[in-house]
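For reference, the structure is listed below as C-alpha coordinates.
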Amino acid sequence: MGDAKRKRFGAYLAQLRRDARKSQRQLAETLCQISGVASVTRHEISRWERGERIPDVWLPALATALSVPLDTLERGAAHARGEDIGTGPRSPAEALAYFLPDHDVDLGPLASESGRRVGASTAAALADRAHGLRLADDVIAGGDLLAPALRELDGAVRLYRETRHSEETGRSLLSSIGEIAQIAGWIASDAGEHDQAERAYRLGVSAAREAGDHALVGNLAGSLAYQLSNTGHEDDGLSLARAALNEAGPDAPAKARALYLDRVAWAHTKAGEAQAAMRALTEAHEAMAVEDSHASPDWAYWVSPEELDVMDARVYTELRKPLRAVPLLQEVLSRYDSTHTRELALYLSWLAVALVDAYEPEEAAKTARRMLDLSADSASERTAQRGRIVLTKLEPYRHVPEVREVLDTHAA
(Lines give C-alpha, C1' and ligand atoms only; values in the text may rest on other atoms or scores of the structure.)
Protein backbone atom coordinates (compact mmCIF):
# COMPACT_ATOMS: atom_id res chain seq x y z
CA MET A 1 0.00 0.00 0.00
CA GLY A 2 2.98 2.35 0.53
CA ASP A 3 3.68 2.66 -3.20
CA ALA A 4 0.00 3.17 -3.93
CA LYS A 5 -0.25 5.96 -1.36
CA ARG A 6 2.80 7.74 -2.78
CA LYS A 7 1.50 7.46 -6.32
CA ARG A 8 -1.91 8.70 -5.25
CA PHE A 9 -0.38 11.74 -3.56
CA GLY A 10 1.74 12.33 -6.66
CA ALA A 11 -1.36 12.22 -8.86
CA TYR A 12 -3.03 14.66 -6.46
CA LEU A 13 -0.10 17.10 -6.79
CA ALA A 14 -0.20 16.76 -10.58
CA GLN A 15 -3.89 17.59 -10.63
CA LEU A 16 -3.36 20.63 -8.40
CA ARG A 17 -0.63 21.82 -10.76
CA ARG A 18 -2.89 21.40 -13.79
CA ASP A 19 -5.67 23.25 -11.99
CA ALA A 20 -3.20 26.09 -11.41
CA ARG A 21 -2.43 26.02 -15.18
CA LYS A 22 1.30 25.52 -14.68
CA SER A 23 3.76 23.23 -16.41
CA GLN A 24 6.25 21.32 -14.29
CA ARG A 25 8.95 23.79 -15.30
CA GLN A 26 6.77 26.78 -14.40
CA LEU A 27 5.94 25.29 -11.01
CA ALA A 28 9.63 24.70 -10.31
CA GLU A 29 10.42 28.30 -11.19
CA THR A 30 7.58 29.55 -8.97
CA LEU A 31 8.81 27.47 -6.03
CA CYS A 32 12.31 28.88 -6.44
CA GLN A 33 10.94 32.43 -6.49
CA ILE A 34 8.80 31.86 -3.38
CA SER A 35 11.59 30.21 -1.39
CA GLY A 36 14.45 32.34 -2.67
CA VAL A 37 16.43 29.14 -3.25
CA ALA A 38 17.09 27.94 -6.80
CA SER A 39 17.35 24.25 -5.91
CA VAL A 40 14.20 22.61 -7.28
CA THR A 41 13.89 21.63 -10.93
CA ARG A 42 11.30 20.30 -13.33
CA HIS A 43 12.80 16.84 -12.81
CA GLU A 44 12.16 17.02 -9.06
CA ILE A 45 8.53 18.02 -9.70
CA SER A 46 8.25 14.99 -11.99
CA ARG A 47 9.60 12.70 -9.25
CA TRP A 48 7.00 14.05 -6.81
CA GLU A 49 4.17 13.51 -9.29
CA ARG A 50 5.29 9.95 -10.06
CA GLY A 51 5.35 9.17 -6.34
CA GLU A 52 9.08 8.49 -6.29
CA ARG A 53 9.64 11.16 -3.65
CA ILE A 54 7.40 12.98 -1.18
CA PRO A 55 8.07 16.72 -0.80
CA ASP A 56 8.79 17.85 2.75
CA VAL A 57 10.44 21.24 3.20
CA TRP A 58 8.80 22.37 -0.05
CA LEU A 59 5.24 21.88 1.21
CA PRO A 60 4.74 25.52 2.40
CA ALA A 61 5.95 26.87 -0.95
CA LEU A 62 3.78 24.33 -2.81
CA ALA A 63 0.74 25.42 -0.83
CA THR A 64 1.37 29.04 -1.84
CA ALA A 65 2.12 28.22 -5.47
CA LEU A 66 -0.91 25.96 -5.89
CA SER A 67 -3.31 28.04 -3.74
CA VAL A 68 -4.26 25.21 -1.39
CA PRO A 69 -4.24 25.12 2.44
CA LEU A 70 -0.91 24.00 3.86
CA ASP A 71 -2.56 21.57 6.31
CA THR A 72 -4.23 19.80 3.37
CA LEU A 73 -0.86 19.13 1.74
CA GLU A 74 0.72 18.18 5.06
CA ARG A 75 -2.02 15.64 5.79
CA GLY A 76 -1.74 14.18 2.31
CA ALA A 77 2.07 13.95 2.49
CA ALA A 78 1.95 12.29 5.91
CA HIS A 79 -0.65 9.85 4.60
CA ALA A 80 1.59 9.06 1.61
CA ARG A 81 4.57 8.40 3.89
CA GLY A 82 2.46 6.12 6.08
CA GLU A 83 3.24 8.17 9.18
CA ASP A 84 -0.36 8.26 10.36
CA ILE A 85 -3.17 6.37 8.63
CA GLY A 86 -5.63 8.94 9.95
CA THR A 87 -3.99 11.90 8.24
CA GLY A 88 -5.52 11.51 4.82
CA PRO A 89 -7.83 14.13 3.34
CA ARG A 90 -10.61 15.05 5.77
CA SER A 91 -13.21 17.03 3.87
CA PRO A 92 -15.31 15.31 1.17
CA ALA A 93 -13.96 17.65 -1.51
CA GLU A 94 -10.38 16.88 -0.50
CA ALA A 95 -11.09 13.15 -0.46
CA LEU A 96 -12.58 13.14 -3.97
CA ALA A 97 -9.71 15.20 -5.37
CA TYR A 98 -7.14 13.01 -3.62
CA PHE A 99 -8.53 9.57 -4.39
CA LEU A 100 -10.16 10.28 -7.75
CA PRO A 101 -8.25 12.99 -9.66
CA ASP A 102 -10.07 13.70 -12.88
CA HIS A 103 -7.11 13.73 -15.30
CA ASP A 104 -6.50 10.01 -15.55
CA VAL A 105 -8.16 9.46 -18.93
CA ASP A 106 -8.38 11.68 -21.97
CA LEU A 107 -12.03 11.78 -22.97
CA GLY A 108 -11.53 14.60 -25.46
CA PRO A 109 -13.16 13.88 -28.84
CA LEU A 110 -10.98 12.71 -31.72
CA ALA A 111 -13.69 13.57 -34.23
CA SER A 112 -12.77 15.18 -37.50
CA GLU A 113 -15.04 16.46 -40.22
CA SER A 114 -15.19 12.90 -41.56
CA GLY A 115 -16.31 11.37 -38.24
CA ARG A 116 -19.83 9.98 -38.41
CA ARG A 117 -22.50 11.92 -36.59
CA VAL A 118 -24.54 10.12 -33.93
CA GLY A 119 -27.68 11.18 -32.17
CA ALA A 120 -30.18 10.25 -29.48
CA SER A 121 -30.81 6.74 -30.82
CA THR A 122 -27.12 5.83 -30.56
CA ALA A 123 -26.96 7.27 -27.04
CA ALA A 124 -30.04 5.28 -26.05
CA ALA A 125 -28.51 2.09 -27.50
CA LEU A 126 -25.35 2.62 -25.43
CA ALA A 127 -27.45 3.14 -22.31
CA ASP A 128 -29.20 -0.15 -23.05
CA ARG A 129 -25.84 -1.91 -23.35
CA ALA A 130 -24.82 -0.50 -19.96
CA HIS A 131 -27.98 -1.87 -18.39
CA GLY A 132 -27.50 -5.21 -20.13
CA LEU A 133 -24.04 -5.47 -18.60
CA ARG A 134 -25.49 -4.77 -15.14
CA LEU A 135 -28.08 -7.51 -15.62
CA ALA A 136 -25.36 -9.93 -16.76
CA ASP A 137 -23.41 -9.21 -13.56
CA ASP A 138 -26.43 -10.40 -11.57
CA VAL A 139 -25.91 -13.95 -12.79
CA ILE A 140 -22.32 -14.22 -14.09
CA ALA A 141 -19.22 -14.14 -11.87
CA GLY A 142 -16.53 -11.53 -12.34
CA GLY A 143 -13.86 -13.85 -13.70
CA ASP A 144 -16.18 -14.92 -16.54
CA LEU A 145 -17.51 -11.45 -17.32
CA LEU A 146 -14.42 -9.25 -16.99
CA ALA A 147 -13.10 -9.47 -20.55
CA PRO A 148 -16.49 -8.66 -22.16
CA ALA A 149 -17.01 -5.81 -19.69
CA LEU A 150 -13.66 -4.22 -20.54
CA ARG A 151 -14.43 -4.55 -24.26
CA GLU A 152 -17.74 -2.76 -23.68
CA LEU A 153 -15.94 0.02 -21.81
CA ASP A 154 -13.31 0.44 -24.52
CA GLY A 155 -15.99 0.49 -27.21
CA ALA A 156 -18.01 3.12 -25.36
CA VAL A 157 -15.00 5.42 -25.01
CA ARG A 158 -14.10 5.01 -28.70
CA LEU A 159 -17.71 5.73 -29.71
CA TYR A 160 -17.63 9.01 -27.79
CA ARG A 161 -14.21 10.10 -29.01
CA GLU A 162 -14.47 9.10 -32.68
CA THR A 163 -17.90 10.49 -33.55
CA ARG A 164 -19.56 13.88 -33.85
CA HIS A 165 -22.59 14.63 -31.70
CA SER A 166 -24.59 17.40 -30.09
CA GLU A 167 -23.80 18.57 -26.57
CA GLU A 168 -26.89 16.79 -25.23
CA THR A 169 -25.99 13.52 -26.95
CA GLY A 170 -22.42 13.88 -25.71
CA ARG A 171 -23.60 14.16 -22.11
CA SER A 172 -25.72 11.05 -22.52
CA LEU A 173 -22.79 9.12 -23.99
CA LEU A 174 -20.55 10.26 -21.14
CA SER A 175 -23.09 9.12 -18.55
CA SER A 176 -23.23 5.69 -20.19
CA ILE A 177 -19.41 5.51 -20.16
CA GLY A 178 -19.56 6.27 -16.45
CA GLU A 179 -22.16 3.56 -15.88
CA ILE A 180 -20.24 0.96 -17.88
CA ALA A 181 -17.06 1.94 -16.03
CA GLN A 182 -18.80 1.45 -12.68
CA ILE A 183 -20.07 -2.02 -13.47
CA ALA A 184 -16.77 -2.97 -15.15
CA GLY A 185 -14.97 -1.87 -11.98
CA TRP A 186 -17.38 -3.88 -9.86
CA ILE A 187 -16.83 -6.95 -12.06
CA ALA A 188 -13.04 -6.51 -11.89
CA SER A 189 -13.19 -6.24 -8.12
CA ASP A 190 -15.27 -9.42 -7.92
CA ALA A 191 -12.60 -11.14 -10.02
CA GLY A 192 -9.90 -9.97 -7.59
CA GLU A 193 -8.42 -7.52 -10.12
CA HIS A 194 -8.41 -4.52 -7.80
CA ASP A 195 -5.98 -2.34 -9.75
CA GLN A 196 -8.05 -2.83 -12.89
CA ALA A 197 -11.17 -1.97 -10.93
CA GLU A 198 -9.65 1.26 -9.64
CA ARG A 199 -8.64 2.30 -13.16
CA ALA A 200 -12.19 1.70 -14.38
CA TYR A 201 -13.66 3.71 -11.51
CA ARG A 202 -11.29 6.61 -12.25
CA LEU A 203 -12.26 6.63 -15.92
CA GLY A 204 -15.92 6.56 -14.94
CA VAL A 205 -15.55 9.49 -12.56
CA SER A 206 -13.90 11.54 -15.33
CA ALA A 207 -16.82 10.78 -17.66
CA ALA A 208 -19.53 11.37 -15.05
CA ARG A 209 -17.99 14.68 -13.98
CA GLU A 210 -17.83 15.85 -17.57
CA ALA A 211 -21.48 14.86 -18.00
CA GLY A 212 -22.44 16.77 -14.83
CA ASP A 213 -23.93 13.58 -13.36
CA HIS A 214 -23.25 14.03 -9.64
CA ALA A 215 -25.26 11.00 -8.55
CA LEU A 216 -23.19 8.79 -10.84
CA VAL A 217 -19.95 10.29 -9.50
CA GLY A 218 -21.21 9.32 -6.05
CA ASN A 219 -21.88 5.75 -7.18
CA LEU A 220 -18.42 5.38 -8.70
CA ALA A 221 -16.68 6.93 -5.69
CA GLY A 222 -18.76 4.77 -3.35
CA SER A 223 -17.86 1.64 -5.31
CA LEU A 224 -14.15 2.35 -4.95
CA ALA A 225 -14.69 3.17 -1.27
CA TYR A 226 -16.31 -0.23 -0.81
CA GLN A 227 -13.31 -1.94 -2.43
CA LEU A 228 -10.86 -0.01 -0.25
CA SER A 229 -12.79 -0.93 2.89
CA ASN A 230 -12.70 -4.60 1.93
CA THR A 231 -9.01 -4.76 1.01
CA GLY A 232 -7.37 -3.51 4.19
CA HIS A 233 -7.55 0.24 3.52
CA GLU A 234 -10.34 1.04 5.96
CA ASP A 235 -9.50 4.69 6.62
CA ASP A 236 -9.22 5.45 2.92
CA GLY A 237 -12.53 3.67 2.33
CA LEU A 238 -14.26 5.70 5.01
CA SER A 239 -12.94 9.02 3.66
CA LEU A 240 -14.12 8.19 0.16
CA ALA A 241 -17.50 6.77 1.24
CA ARG A 242 -18.26 10.04 3.02
CA ALA A 243 -17.10 11.99 -0.03
CA ALA A 244 -19.41 9.95 -2.29
CA LEU A 245 -22.38 10.77 -0.07
CA ASN A 246 -21.46 14.45 -0.07
CA GLU A 247 -20.91 14.53 -3.84
CA ALA A 248 -24.42 13.27 -4.55
CA GLY A 249 -25.91 15.86 -2.19
CA PRO A 250 -29.13 15.88 -0.17
CA ASP A 251 -31.27 16.06 -3.32
CA ALA A 252 -29.99 12.79 -4.77
CA PRO A 253 -32.67 10.21 -5.64
CA ALA A 254 -33.81 8.27 -2.58
CA LYS A 255 -32.41 4.92 -3.74
CA ALA A 256 -29.03 6.46 -4.53
CA ARG A 257 -28.79 8.22 -1.19
CA ALA A 258 -29.77 5.04 0.65
CA LEU A 259 -27.04 3.16 -1.23
CA TYR A 260 -24.39 5.75 -0.33
CA LEU A 261 -25.42 5.67 3.32
CA ASP A 262 -25.19 1.87 3.33
CA ARG A 263 -21.63 2.15 2.00
CA VAL A 264 -20.82 4.69 4.71
CA ALA A 265 -22.22 2.23 7.27
CA TRP A 266 -20.02 -0.56 5.90
CA ALA A 267 -16.95 1.68 5.88
CA HIS A 268 -17.55 2.61 9.53
CA THR A 269 -18.02 -1.08 10.32
CA LYS A 270 -14.72 -2.10 8.72
CA ALA A 271 -13.03 0.80 10.53
CA GLY A 272 -14.35 -0.54 13.86
CA GLU A 273 -16.75 2.34 14.50
CA ALA A 274 -19.90 0.55 15.60
CA GLN A 275 -22.08 3.45 16.70
CA ALA A 276 -21.40 5.47 13.55
CA ALA A 277 -22.19 2.39 11.47
CA MET A 278 -25.53 1.87 13.21
CA ARG A 279 -26.46 5.53 12.72
CA ALA A 280 -25.70 5.31 9.00
CA LEU A 281 -27.88 2.18 8.68
CA THR A 282 -30.78 4.04 10.26
CA GLU A 283 -30.26 7.00 7.92
CA ALA A 284 -30.21 4.66 4.93
CA HIS A 285 -33.65 3.27 5.82
CA GLU A 286 -34.95 6.79 6.44
CA ALA A 287 -33.67 7.90 3.03
CA MET A 288 -35.33 4.92 1.36
CA ALA A 289 -38.66 5.74 3.01
CA VAL A 290 -38.75 9.33 1.75
CA GLU A 291 -41.28 10.03 -0.96
CA ASP A 292 -39.00 10.63 -3.93
CA SER A 293 -39.58 13.52 -6.33
CA HIS A 294 -36.60 12.41 -8.45
CA ALA A 295 -36.64 9.44 -10.79
CA SER A 296 -34.21 6.77 -9.68
CA PRO A 297 -31.30 6.19 -12.08
CA ASP A 298 -31.34 2.91 -13.97
CA TRP A 299 -28.20 1.73 -12.16
CA ALA A 300 -30.06 1.81 -8.83
CA TYR A 301 -32.66 -0.76 -9.96
CA TRP A 302 -31.43 -3.34 -7.42
CA VAL A 303 -31.55 -1.08 -4.36
CA SER A 304 -34.54 -2.09 -2.23
CA PRO A 305 -35.62 -2.38 1.41
CA GLU A 306 -34.62 -6.06 1.25
CA GLU A 307 -31.09 -5.16 0.13
CA LEU A 308 -30.85 -2.64 2.97
CA ASP A 309 -31.84 -5.46 5.33
CA VAL A 310 -28.97 -7.53 3.95
CA MET A 311 -26.50 -4.74 4.66
CA ASP A 312 -27.96 -4.38 8.15
CA ALA A 313 -27.36 -8.07 8.74
CA ARG A 314 -23.83 -7.95 7.34
CA VAL A 315 -22.98 -5.04 9.64
CA TYR A 316 -24.51 -6.87 12.62
CA THR A 317 -22.45 -9.94 11.73
CA GLU A 318 -19.21 -7.96 11.51
CA LEU A 319 -20.04 -6.29 14.84
CA ARG A 320 -20.66 -9.69 16.45
CA LYS A 321 -24.40 -9.15 16.97
CA PRO A 322 -25.72 -12.54 15.76
CA LEU A 323 -29.11 -12.30 17.46
CA ARG A 324 -29.87 -9.39 15.14
CA ALA A 325 -28.13 -10.76 12.07
CA VAL A 326 -29.47 -14.32 11.92
CA PRO A 327 -33.24 -13.65 11.69
CA LEU A 328 -32.72 -10.87 9.16
CA LEU A 329 -30.59 -13.02 6.88
CA GLN A 330 -32.90 -16.01 7.20
CA GLU A 331 -35.89 -13.87 6.24
CA VAL A 332 -34.17 -12.33 3.21
CA LEU A 333 -32.70 -15.64 2.02
CA SER A 334 -36.07 -17.40 2.28
CA ARG A 335 -37.29 -15.35 -0.70
CA TYR A 336 -34.06 -14.51 -2.52
CA ASP A 337 -33.85 -15.09 -6.29
CA SER A 338 -32.01 -18.40 -6.63
CA THR A 339 -30.73 -17.47 -10.10
CA HIS A 340 -28.42 -14.91 -8.46
CA THR A 341 -26.09 -17.67 -7.32
CA ARG A 342 -23.11 -15.54 -6.35
CA GLU A 343 -25.08 -13.11 -4.20
CA LEU A 344 -26.95 -16.00 -2.60
CA ALA A 345 -23.64 -17.66 -1.72
CA LEU A 346 -22.24 -14.41 -0.31
CA TYR A 347 -25.28 -13.83 1.90
CA LEU A 348 -25.15 -17.45 3.09
CA SER A 349 -21.53 -16.87 4.11
CA TRP A 350 -22.57 -14.09 6.48
CA LEU A 351 -25.34 -16.26 7.86
CA ALA A 352 -22.85 -19.07 8.52
CA VAL A 353 -20.53 -16.70 10.40
CA ALA A 354 -23.42 -15.26 12.41
CA LEU A 355 -24.57 -18.77 13.35
CA VAL A 356 -21.08 -19.61 14.63
CA ASP A 357 -21.16 -16.46 16.75
CA ALA A 358 -24.56 -17.57 18.04
CA TYR A 359 -22.99 -20.90 19.15
CA GLU A 360 -24.93 -22.92 16.58
CA PRO A 361 -22.08 -24.83 14.91
CA GLU A 362 -24.30 -27.59 13.45
CA GLU A 363 -26.57 -25.08 11.72
CA ALA A 364 -23.54 -23.03 10.67
CA ALA A 365 -22.00 -26.13 9.08
CA LYS A 366 -25.22 -26.85 7.18
CA THR A 367 -25.31 -23.25 5.88
CA ALA A 368 -21.61 -23.32 5.03
CA ARG A 369 -22.03 -26.50 3.01
CA ARG A 370 -24.80 -24.92 0.98
CA MET A 371 -22.70 -21.79 0.43
CA LEU A 372 -19.61 -23.72 -0.63
CA ASP A 373 -21.55 -26.03 -2.94
CA LEU A 374 -23.17 -23.04 -4.66
CA SER A 375 -19.84 -21.30 -5.21
CA ALA A 376 -17.74 -24.37 -6.08
CA ASP A 377 -17.47 -23.53 -9.79
CA SER A 378 -17.75 -19.76 -9.48
CA ALA A 379 -15.11 -17.47 -10.99
CA SER A 380 -15.66 -14.97 -8.18
CA GLU A 381 -12.66 -14.21 -5.99
CA ARG A 382 -14.95 -12.36 -3.61
CA THR A 383 -16.99 -15.52 -3.04
CA ALA A 384 -13.85 -17.63 -2.70
CA GLN A 385 -12.53 -15.26 -0.05
CA ARG A 386 -15.79 -15.46 1.88
CA GLY A 387 -15.57 -19.25 1.73
CA ARG A 388 -12.13 -19.13 3.32
CA ILE A 389 -13.45 -16.87 6.07
CA VAL A 390 -16.32 -19.27 6.79
CA LEU A 391 -14.00 -22.29 7.00
CA THR A 392 -11.64 -20.43 9.33
CA LYS A 393 -14.58 -19.45 11.51
CA LEU A 394 -15.71 -23.10 11.73
CA GLU A 395 -12.27 -24.50 12.58
CA PRO A 396 -12.59 -24.14 16.40
CA TYR A 397 -15.64 -26.45 16.20
CA ARG A 398 -13.91 -29.27 14.32
CA HIS A 399 -14.90 -31.65 17.11
CA VAL A 400 -18.54 -31.30 16.01
CA PRO A 401 -19.19 -34.06 13.42
CA GLU A 402 -21.15 -31.82 11.02
CA VAL A 403 -18.41 -29.20 11.12
CA ARG A 404 -15.61 -31.72 10.70
CA GLU A 405 -17.29 -33.14 7.60
CA VAL A 406 -17.50 -29.70 5.96
CA LEU A 407 -13.92 -28.86 6.87
CA ASP A 408 -12.56 -32.15 5.56
CA THR A 409 -14.56 -31.91 2.34
CA HIS A 410 -13.49 -28.33 1.55
CA ALA A 411 -10.05 -28.23 3.18
CA ALA A 412 -8.31 -27.59 -0.13
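Within each chain, counting starts at residue 1; across the C-alpha coordinates, chains are named A, B, ... in the order shown, with ligands numbered 1 upward in that order.
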
Contacts of Arg171 (chain A) at 10 Å (only C-alpha atoms; same-chain gap of 2+ positions) as a PyMOL selection string: chain A and resi 123+160+165-169+173-177+207-213

Shell of 8 Å around Leu348 (chain A), only C-alpha atoms, local chain residues under 4 positions omitted, as a PyMOL selection string: chain A and resi 329+333+344+352+367-368+370-371

Residue contacts of Arg81 (chain A) (8 Å, only C-alpha atoms) excluding same-chain residues fewer than 4 positions away, as a PyMOL selection string: chain A and resi 2+5-6+54+77

Nearby residues (only C-alpha atoms) at most 12 Å from Glu44 (chain A), same-chain spacing under 4 positions excluded, as an MDAnalysis selection string: chainID A and resid 10 24:25 27:29 31 39:40 48:55 58

Residue contacts of region 353-362 of chain A (12 Å, only C-alpha atoms) excluding same-chain residues fewer than 4 positions away, as a count of residues only: 48

Contacts of region 143-157 of chain A at 6 Å (only C-alpha atoms; same-chain gap of 6+ positions) as a PDB file with N, CA and C atoms, in the first residue's frame:
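Below is the file part_35.pdb, written as the result:
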ATOM      1  N   ILE A 177     -20.799   5.929 -20.411  1.00  0.00           N
ATOM      2  CA  ILE A 177     -19.415   5.514 -20.159  1.00  0.00           C
ATOM      3  C   ILE A 177     -19.189   5.368 -18.662  1.00  0.00           C
ATOM      4  N   ILE A 180     -20.962   2.172 -17.472  1.00  0.00           N
ATOM      5  CA  ILE A 180     -20.242   0.965 -17.884  1.00  0.00           C
ATOM      6  C   ILE A 180     -18.954   0.839 -17.087  1.00  0.00           C
ATOM      7  N   ALA A 184     -18.016  -2.283 -14.799  1.00  0.00           N
ATOM      8  CA  ALA A 184     -16.766  -2.967 -15.153  1.00  0.00           C
ATOM      9  C   ALA A 184     -15.827  -3.000 -13.950  1.00  0.00           C
ATOM     10  N   ILE A 187     -17.131  -5.610 -11.547  1.00  0.00           N
ATOM     11  CA  ILE A 187     -16.825  -6.946 -12.055  1.00  0.00           C
ATOM     12  C   ILE A 187     -15.347  -7.265 -11.823  1.00  0.00           C
ATOM     13  N   ALA A 188     -14.473  -6.295 -12.102  1.00  0.00           N
ATOM     14  CA  ALA A 188     -13.039  -6.512 -11.891  1.00  0.00           C
ATOM     15  C   ALA A 188     -12.738  -6.772 -10.416  1.00  0.00           C
ATOM     16  N   ALA A 191     -13.580 -10.191  -9.489  1.00  0.00           N
ATOM     17  CA  ALA A 191     -12.600 -11.136 -10.017  1.00  0.00           C
ATOM     18  C   ALA A 191     -11.265 -11.052  -9.287  1.00  0.00           C
ATOM     19  N   ALA A 379     -16.342 -18.220 -10.707  1.00  0.00           N
ATOM     20  CA  ALA A 379     -15.106 -17.467 -10.987  1.00  0.00           C
ATOM     21  C   ALA A 379     -15.129 -16.132 -10.256  1.00  0.00           C
ATOM     22  N   SER A 380     -15.573 -16.183  -9.000  1.00  0.00           N
ATOM     23  CA  SER A 380     -15.663 -14.970  -8.180  1.00  0.00           C
ATOM     24  C   SER A 380     -14.662 -15.066  -7.040  1.00  0.00           C
TER      25      SER A 380
END

Residue set, region 300-379 of chain A restricted to alpha helix (DSSP H), as a PyMOL selection string: chain A and resi 305-318+322-333+341-357+361-374

Surrounding residues of Ala300 (chain A) excluding itself and chain neighbours under 6 positions, 9 Å, only C-alpha atoms, as a VMD selection string: chain A and resid 255 to 256 259

Atoms to include: N, CA, C and O atoms. Write the selected residues as an mmCIF file, in the first residue's frame.
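Saved to selection-v5.cif:
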data_model
loop_
_atom_site.group_PDB
_atom_site.id
_atom_site.type_symbol
_atom_site.label_atom_id
_atom_site.label_comp_id
_atom_site.auth_asym_id
_atom_site.auth_seq_id
_atom_site.Cartn_x
_atom_site.Cartn_y
_atom_site.Cartn_z
ATOM 1 N N LYS A 255 -33.144 6.186 -3.678
ATOM 2 C CA LYS A 255 -32.411 4.924 -3.743
ATOM 3 C C LYS A 255 -30.903 5.154 -3.743
ATOM 4 O O LYS A 255 -30.150 4.420 -3.102
ATOM 5 N N ALA A 256 -30.464 6.176 -4.474
ATOM 6 C CA ALA A 256 -29.032 6.457 -4.531
ATOM 7 C C ALA A 256 -28.514 6.879 -3.163
ATOM 8 O O ALA A 256 -27.470 6.407 -2.701
ATOM 9 N N LEU A 259 -28.202 3.971 -0.882
ATOM 10 C CA LEU A 259 -27.036 3.159 -1.229
ATOM 11 C C LEU A 259 -25.760 3.777 -0.666
ATOM 12 O O LEU A 259 -24.925 3.085 -0.080
#

Å distance separating CA of Arg18 (chain A) from CA of Ser239 (chain A), one decimal place: 23.6 Å

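Across A:Val264, A:Ala248, A:Ala127, A:Leu203, the tightest approach to Asn219 (chain A) is made by A:Ala248 when counting only C-alpha atoms.
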
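We find CA of Leu16 (chain A) and CA of Leu66 (chain A) to be spaced 6.4 Å apart.
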
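Picture a line from CA of Glu381 (chain A) to CA of Ala197 (chain A); it runs 13.3 Å.
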